[in-house]
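Worksheet: the structure to be examined is printed underneath.
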Amino acid sequence: MRRDSRNGAPGPVTAFRCDMDCVLVGETDAPEHLPNAGSFASERPGLMHACGHDAHTAVGLALARWASEHRNELCGTLKFLFQPAEEGVRGGGPMAASGIVDDVDLLVGAHVGTFCRLGEIGICEGGFLATTKLDVHFTGVPSHAGADPEKGRSALMAACAAAMMFQGIPRSGEGDTRISVGRLVAGEGRNVTPVHATMQLEVRGATAAVNDYMTENVYRIVDGIKAAYDVEARVEKAGEATTLPVSPALLDRLERLAGTIPGVKVERISRPSGSEDCTMLMRRVIEHGGEAAYVLYGANQKGHHRADFDIEDEKSLPIAFEFLRAFLADANGVRG
């Protein structure tokens, strides 16, 4: 047990992780879209909160304010981790590596929506895929495409060949796999052999080993393309996340507390979904002897990463706040 520096009451170090970043999606201008009707739609073209991270930040701030106002009723230490760059799983790993959670006894991450509808709370006991995000940079040799085509080495054709070969990576019998080439930018002009090409892709796997298998195949294919197309190529790891670490006792505790909120339906979630770099923080906590959990709170949204994403925040967020506040009071409330 740690000792709080403010009032000296012993208690656990409890952390709440809230991600903050937006998504590269342009928000709809439909007048019936609630953020438009309420004048809180995104003001930045091509960028919007289409995954609910603004809601996560709002709940975290409300929880921090409540804790400050009730500090004399609490013990131990509280940490509120406002994490950037969850999209692309680029933020959780560096934050974990900083050591910020090495002393944490209890860590809870939360997300709005996904499998849960309004009035539902999901206690996650599995489902996240391990993932690695990769950027591949190809460099060729320029030439005049009409007069001297044989003197050029096309980075664009090399990148296209690599993209097609990635789709042919044999799928693993050890678990689900994913691969997606999401972006390819190449070339200088129609009559110049393309010198530069940059590709953004990702692999995922049901286990860390399966994800590593997919990643290794990407590197192997890039090496082969370099030789076949006589170009240079460089692979950079842009982000990563692991599968969901599980602390069974903490899951049971959260399930019990969720069940005390009137009108809320509680379920365990283990369905395959996307990936989440909160897992990097969770793994670090567990490696240092703490417990970690990930939960969902519902909203009647139309789908994440859509231009018309909305979470009915005035209905969904009070449930999230009350759930996490109940956990904070249970974990760090002054006893007797």
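Ligands are numbered from 1 in the order shown, chains are lettered A, B, ... in the order of the structure tokens, and residues start at 1 in each chain.
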Write out as a tab-separated table a residue-level contact list of segment 189-209 of chain A versus segment 264-280 of chain A with cut-off 12 Å: for each qualifying residue the closest pair of atoms and the distance in Å to one decimal, counting only C-alpha atoms, rows sorted by chain and residue number upward.
```
residue	atom	partner	partner_atom	distance
A:Glu202	CA	A:Ser275	CA	10.9
A:Val203	CA	A:Ser275	CA	10.5
A:Arg204	CA	A:Ser275	CA	8.0
A:Gly205	CA	A:Ser275	CA	9.6
A:Ala206	CA	A:Pro272	CA	8.3
A:Thr207	CA	A:Ser275	CA	11.5
A:Ala208	CA	A:Thr279	CA	11.8
```
- Task: Output as a PyMOL selection string all residues of segment 144-321 of chain A that backbone DSSP marks as helix (DSSP H, G or I).
- Result: chain A and resi 149-151+155-166+208-229+248-258+278-287+313-321
Contact table segment 231-321 of chain A vs segment 193-198 of chain A, cut-off 10 Å, shortest pair per residue, only C-alpha atoms, as a Markdown table:
```
| residue | atom | partner | partner_atom | distance |
| --- | --- | --- | --- | --- |
| A:Val231 | CA | A:Val195 | CA | 9.1 |
| A:Glu232 | CA | A:His196 | CA | 9.7 |
| A:Ala233 | CA | A:Ala197 | CA | 9.3 |
| A:Arg234 | CA | A:Thr198 | CA | 9.6 |
| A:Val235 | CA | A:Thr198 | CA | 9.9 |
```
Closest atom pairs, segment 119-172 of chain A residues within 10 Å of segment 310-321 of chain A, only C-alpha atoms, as a Markdown table:
```
| residue | atom | partner | partner_atom | distance |
| --- | --- | --- | --- | --- |
| A:Gly119 | CA | A:Ser316 | CA | 7.3 |
| A:Glu120 | CA | A:Ile319 | CA | 9.0 |
| A:Ile121 | CA | A:Ala320 | CA | 8.4 |
```
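For Met164 of chain A, the set of protein, DNA and RNA residues having any atom at most 12 Å away, when counting only C-alpha atoms and skipping those fewer than 2 positions along the same chain, is A:Met157, A:Ala158, A:Ala159, A:Cys160, A:Ala161, A:Ala162, A:Phe166, A:Gln167, A:Gly168, A:Ile169, A:Ile179, A:Ser180, A:Val181, A:Val218, A:Ile221, A:Val222, A:Ile225.
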Residues from last step as file, all heavy atoms, as a short mmCIF file (atom, residue, chain, number, x, y, z; two decimals), in the first residue's frame:
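Result file result-v4.cif:
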```
data_model
loop_
_atom_site.label_atom_id
_atom_site.label_comp_id
_atom_site.auth_asym_id
_atom_site.auth_seq_id
_atom_site.Cartn_x
_atom_site.Cartn_y
_atom_site.Cartn_z
N MET A 157 5.98 1.00 -58.61
CA MET A 157 5.70 -0.39 -58.99
C MET A 157 6.16 -1.36 -57.90
O MET A 157 5.51 -2.37 -57.63
CB MET A 157 6.39 -0.73 -60.31
CG MET A 157 5.80 -0.01 -61.52
SD MET A 157 4.05 -0.43 -61.82
CE MET A 157 3.23 1.02 -61.15
N ALA A 158 7.28 -1.02 -57.25
CA ALA A 158 7.75 -1.86 -56.15
C ALA A 158 6.74 -1.87 -55.01
O ALA A 158 6.42 -2.92 -54.44
CB ALA A 158 9.11 -1.37 -55.66
N ALA A 159 6.21 -0.70 -54.68
CA ALA A 159 5.23 -0.61 -53.60
C ALA A 159 3.95 -1.35 -53.95
O ALA A 159 3.36 -2.05 -53.12
CB ALA A 159 4.92 0.86 -53.29
N CYS A 160 3.49 -1.22 -55.20
CA CYS A 160 2.28 -1.92 -55.63
C CYS A 160 2.48 -3.44 -55.56
O CYS A 160 1.59 -4.18 -55.11
CB CYS A 160 1.90 -1.52 -57.04
SG CYS A 160 1.28 0.17 -57.19
N ALA A 161 3.63 -3.91 -55.99
CA ALA A 161 3.92 -5.34 -55.93
C ALA A 161 3.94 -5.82 -54.49
O ALA A 161 3.41 -6.90 -54.16
CB ALA A 161 5.25 -5.64 -56.61
N ALA A 162 4.54 -5.03 -53.61
CA ALA A 162 4.58 -5.41 -52.20
C ALA A 162 3.17 -5.48 -51.62
O ALA A 162 2.83 -6.42 -50.89
CB ALA A 162 5.43 -4.41 -51.42
N PHE A 166 1.58 -8.77 -49.88
CA PHE A 166 1.15 -8.81 -48.48
C PHE A 166 -0.17 -9.55 -48.34
O PHE A 166 -0.40 -10.27 -47.36
CB PHE A 166 0.99 -7.39 -47.92
CG PHE A 166 2.27 -6.61 -47.80
CD1 PHE A 166 2.24 -5.21 -47.86
CD2 PHE A 166 3.49 -7.24 -47.61
CE1 PHE A 166 3.41 -4.48 -47.73
CE2 PHE A 166 4.66 -6.51 -47.49
CZ PHE A 166 4.62 -5.13 -47.55
N GLN A 167 -1.06 -9.37 -49.31
CA GLN A 167 -2.37 -10.03 -49.22
C GLN A 167 -2.24 -11.55 -49.32
O GLN A 167 -3.15 -12.28 -48.92
CB GLN A 167 -3.29 -9.52 -50.33
CG GLN A 167 -3.43 -8.02 -50.40
CD GLN A 167 -3.86 -7.40 -49.08
OE1 GLN A 167 -4.77 -7.88 -48.43
NE2 GLN A 167 -3.18 -6.33 -48.68
N GLY A 168 -1.12 -12.02 -49.84
CA GLY A 168 -0.93 -13.45 -50.00
C GLY A 168 -0.18 -14.13 -48.87
O GLY A 168 0.15 -15.32 -48.97
N ILE A 169 0.11 -13.39 -47.79
CA ILE A 169 0.77 -14.03 -46.65
C ILE A 169 -0.12 -15.16 -46.14
O ILE A 169 -1.30 -14.94 -45.85
CB ILE A 169 1.02 -13.01 -45.52
CG1 ILE A 169 2.01 -11.93 -45.98
CG2 ILE A 169 1.56 -13.71 -44.27
CD1 ILE A 169 2.20 -10.81 -44.98
N ILE A 179 -4.38 -8.08 -42.14
CA ILE A 179 -3.40 -7.18 -42.74
C ILE A 179 -4.15 -6.16 -43.58
O ILE A 179 -5.14 -6.49 -44.25
CB ILE A 179 -2.34 -7.92 -43.59
CG1 ILE A 179 -1.28 -6.92 -44.08
CG2 ILE A 179 -2.99 -8.67 -44.75
CD1 ILE A 179 0.01 -7.58 -44.53
N SER A 180 -3.75 -4.92 -43.48
CA SER A 180 -4.40 -3.85 -44.21
C SER A 180 -3.36 -2.85 -44.69
O SER A 180 -2.57 -2.35 -43.89
CB SER A 180 -5.42 -3.14 -43.32
OG SER A 180 -5.94 -1.98 -43.95
N VAL A 181 -3.35 -2.60 -45.99
CA VAL A 181 -2.57 -1.51 -46.56
C VAL A 181 -3.54 -0.34 -46.70
O VAL A 181 -4.43 -0.35 -47.55
CB VAL A 181 -1.96 -1.88 -47.91
CG1 VAL A 181 -1.18 -0.69 -48.49
CG2 VAL A 181 -1.04 -3.08 -47.76
N VAL A 218 5.98 -9.46 -43.48
CA VAL A 218 6.06 -8.16 -44.15
C VAL A 218 7.52 -7.79 -44.41
O VAL A 218 7.88 -7.38 -45.53
CB VAL A 218 5.37 -7.07 -43.30
CG1 VAL A 218 5.72 -5.67 -43.83
CG2 VAL A 218 3.86 -7.27 -43.30
N ILE A 221 8.92 -9.95 -47.26
CA ILE A 221 8.45 -9.54 -48.58
C ILE A 221 9.15 -8.26 -49.04
O ILE A 221 9.55 -8.14 -50.21
CB ILE A 221 6.92 -9.36 -48.56
CG1 ILE A 221 6.25 -10.74 -48.49
CG2 ILE A 221 6.43 -8.59 -49.77
CD1 ILE A 221 4.77 -10.71 -48.22
N VAL A 222 9.31 -7.29 -48.14
CA VAL A 222 9.98 -6.05 -48.52
C VAL A 222 11.42 -6.34 -48.96
O VAL A 222 11.90 -5.76 -49.95
CB VAL A 222 9.96 -5.04 -47.35
CG1 VAL A 222 10.86 -3.84 -47.64
CG2 VAL A 222 8.53 -4.58 -47.10
N ILE A 225 11.22 -7.67 -52.48
CA ILE A 225 10.87 -6.63 -53.45
C ILE A 225 12.07 -5.75 -53.75
O ILE A 225 12.29 -5.33 -54.89
CB ILE A 225 9.70 -5.79 -52.91
CG1 ILE A 225 8.42 -6.60 -52.91
CG2 ILE A 225 9.53 -4.50 -53.71
CD1 ILE A 225 7.89 -6.97 -54.29
#
```
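Residues in contact range of Gly122 of chain A, defined as at most 10 Å between only C-alpha atoms, with sequence neighbours fewer than 2 positions away removed, read Ala110, His111, Val112, Gly113, Thr114, Phe115, Cys116, Arg117, Glu120, Cys124, Glu125, Leu254, Glu255, Ala258, Lys265, Val266, Glu267, Arg268, Ile269, Ser270, Tyr294, Val295, Leu296, Tyr297 and Gly298 of chain A.
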For Asn191 of chain A, work out the shell of residues within 7 Å, counting only C-alpha atoms and skipping chain neighbours fewer than 2 positions away, then give it as a compact mmCIF listing (two decimals) with N, CA and C atoms, in the first residue's frame.
```
# COMPACT_ATOMS: atom_id res chain seq x y z
N HIS A 144 13.59 9.63 -67.51
CA HIS A 144 12.52 10.09 -68.40
C HIS A 144 11.71 8.88 -68.83
N ALA A 145 10.42 8.92 -68.55
CA ALA A 145 9.59 7.74 -68.78
C ALA A 145 9.46 7.39 -70.26
N GLY A 146 9.69 8.41 -71.16
CA GLY A 146 9.58 8.13 -72.59
C GLY A 146 10.92 7.83 -73.24
N GLY A 189 5.50 12.71 -61.20
CA GLY A 189 4.79 13.23 -62.37
C GLY A 189 4.60 12.13 -63.38
N THR A 193 9.86 8.38 -64.03
CA THR A 193 9.85 7.11 -63.30
C THR A 193 9.79 7.42 -61.81
```
Could you pull the residues within 8 Å of Lys151 of chain A, counting only C-alpha atoms, minus those fewer than 6 positions along the same chain, as an mmCIF file with all heavy atoms, in the first residue's frame?
```cif
data_model
loop_
_atom_site.group_PDB
_atom_site.id
_atom_site.type_symbol
_atom_site.label_atom_id
_atom_site.label_comp_id
_atom_site.auth_asym_id
_atom_site.auth_seq_id
_atom_site.Cartn_x
_atom_site.Cartn_y
_atom_site.Cartn_z
ATOM 1 N N VAL A 141 14.960 5.016 -58.773
ATOM 2 C CA VAL A 141 15.891 5.817 -59.574
ATOM 3 C C VAL A 141 15.073 6.542 -60.637
ATOM 4 O O VAL A 141 14.297 5.909 -61.360
ATOM 5 C CB VAL A 141 16.953 4.928 -60.251
ATOM 6 C CG1 VAL A 141 17.875 5.768 -61.128
ATOM 7 C CG2 VAL A 141 17.764 4.176 -59.195
ATOM 8 N N PRO A 142 15.218 7.860 -60.754
ATOM 9 C CA PRO A 142 14.421 8.591 -61.735
ATOM 10 C C PRO A 142 14.972 8.415 -63.150
ATOM 11 O O PRO A 142 16.157 8.154 -63.353
ATOM 12 C CB PRO A 142 14.563 10.037 -61.272
ATOM 13 C CG PRO A 142 15.913 10.092 -60.629
ATOM 14 C CD PRO A 142 16.087 8.750 -59.963
ATOM 15 N N SER A 143 14.074 8.579 -64.095
ATOM 16 C CA SER A 143 14.471 8.625 -65.505
ATOM 17 C C SER A 143 13.316 9.228 -66.277
ATOM 18 O O SER A 143 12.191 9.313 -65.772
ATOM 19 C CB SER A 143 14.800 7.232 -66.042
ATOM 20 O OG SER A 143 13.616 6.439 -66.169
#
```
- Which residue gives the smallest distance to Arg153 of chain A among A:Asp230, A:Glu32, A:Asp308, A:Glu43, with only C-alpha atoms counted?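 With only C-alpha atoms as the atom set, the closest residue is A:Asp230.
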At a cut-off of 9 Å, using only C-alpha atoms, what residues contact Met48 of chain A? Leave out same-chain residues fewer than 5 positions from it and give the result as a PDB file with N, CA and C atoms, in the first residue's frame.
```pdb
ATOM      1  N   CYS A  22      -8.307  12.510 -32.001  1.00  0.00           N
ATOM      2  CA  CYS A  22      -9.432  12.442 -32.931  1.00  0.00           C
ATOM      3  C   CYS A  22      -9.097  11.448 -34.041  1.00  0.00           C
ATOM      4  N   VAL A  23      -9.924  11.441 -35.094  1.00  0.00           N
ATOM      5  CA  VAL A  23      -9.790  10.505 -36.199  1.00  0.00           C
ATOM      6  C   VAL A  23      -9.735  11.296 -37.511  1.00  0.00           C
ATOM      7  N   LEU A  24      -9.048  10.747 -38.501  1.00  0.00           N
ATOM      8  CA  LEU A  24      -8.956  11.399 -39.812  1.00  0.00           C
ATOM      9  C   LEU A  24     -10.222  11.129 -40.620  1.00  0.00           C
ATOM     10  N   VAL A  25     -11.321  11.697 -40.139  1.00  0.00           N
ATOM     11  CA  VAL A  25     -12.627  11.578 -40.788  1.00  0.00           C
ATOM     12  C   VAL A  25     -13.266  12.956 -40.793  1.00  0.00           C
ATOM     13  N   GLY A  26     -13.860  13.320 -41.924  1.00  0.00           N
ATOM     14  CA  GLY A  26     -14.576  14.585 -42.005  1.00  0.00           C
ATOM     15  C   GLY A  26     -15.994  14.447 -41.473  1.00  0.00           C
ATOM     16  N   GLU A  27     -16.407  15.366 -40.582  1.00  0.00           N
ATOM     17  CA  GLU A  27     -17.726  15.260 -39.964  1.00  0.00           C
ATOM     18  C   GLU A  27     -18.827  15.657 -40.944  1.00  0.00           C
ATOM     19  N   ALA A  41     -19.882  20.582 -33.443  1.00  0.00           N
ATOM     20  CA  ALA A  41     -19.210  19.750 -34.440  1.00  0.00           C
ATOM     21  C   ALA A  41     -17.760  20.212 -34.623  1.00  0.00           C
ATOM     22  N   SER A  42     -16.966  19.357 -35.231  1.00  0.00           N
ATOM     23  CA  SER A  42     -15.563  19.689 -35.463  1.00  0.00           C
ATOM     24  C   SER A  42     -15.426  20.954 -36.303  1.00  0.00           C
ATOM     25  N   GLU A  43     -14.455  21.771 -35.946  1.00  0.00           N
ATOM     26  CA  GLU A  43     -14.148  22.981 -36.711  1.00  0.00           C
ATOM     27  C   GLU A  43     -12.968  22.774 -37.640  1.00  0.00           C
ATOM     28  N   HIS A 305     -15.764   5.660 -36.271  1.00  0.00           N
ATOM     29  CA  HIS A 305     -14.989   6.143 -37.418  1.00  0.00           C
ATOM     30  C   HIS A 305     -15.886   6.477 -38.604  1.00  0.00           C
ATOM     31  N   ALA A 307     -18.637   9.441 -40.344  1.00  0.00           N
ATOM     32  CA  ALA A 307     -18.843  10.891 -40.358  1.00  0.00           C
ATOM     33  C   ALA A 307     -20.012  11.317 -39.486  1.00  0.00           C
TER      34      ALA A 307
END
```
- Item | Selected residue of minimal separation from Pro245 of chain A among A:Leu78, A:Ala331, A:Ala130, A:Ala37, counting only C-alpha atoms |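 Using only C-alpha atoms, Pro245 of chain A sits closest to A:Ala130.
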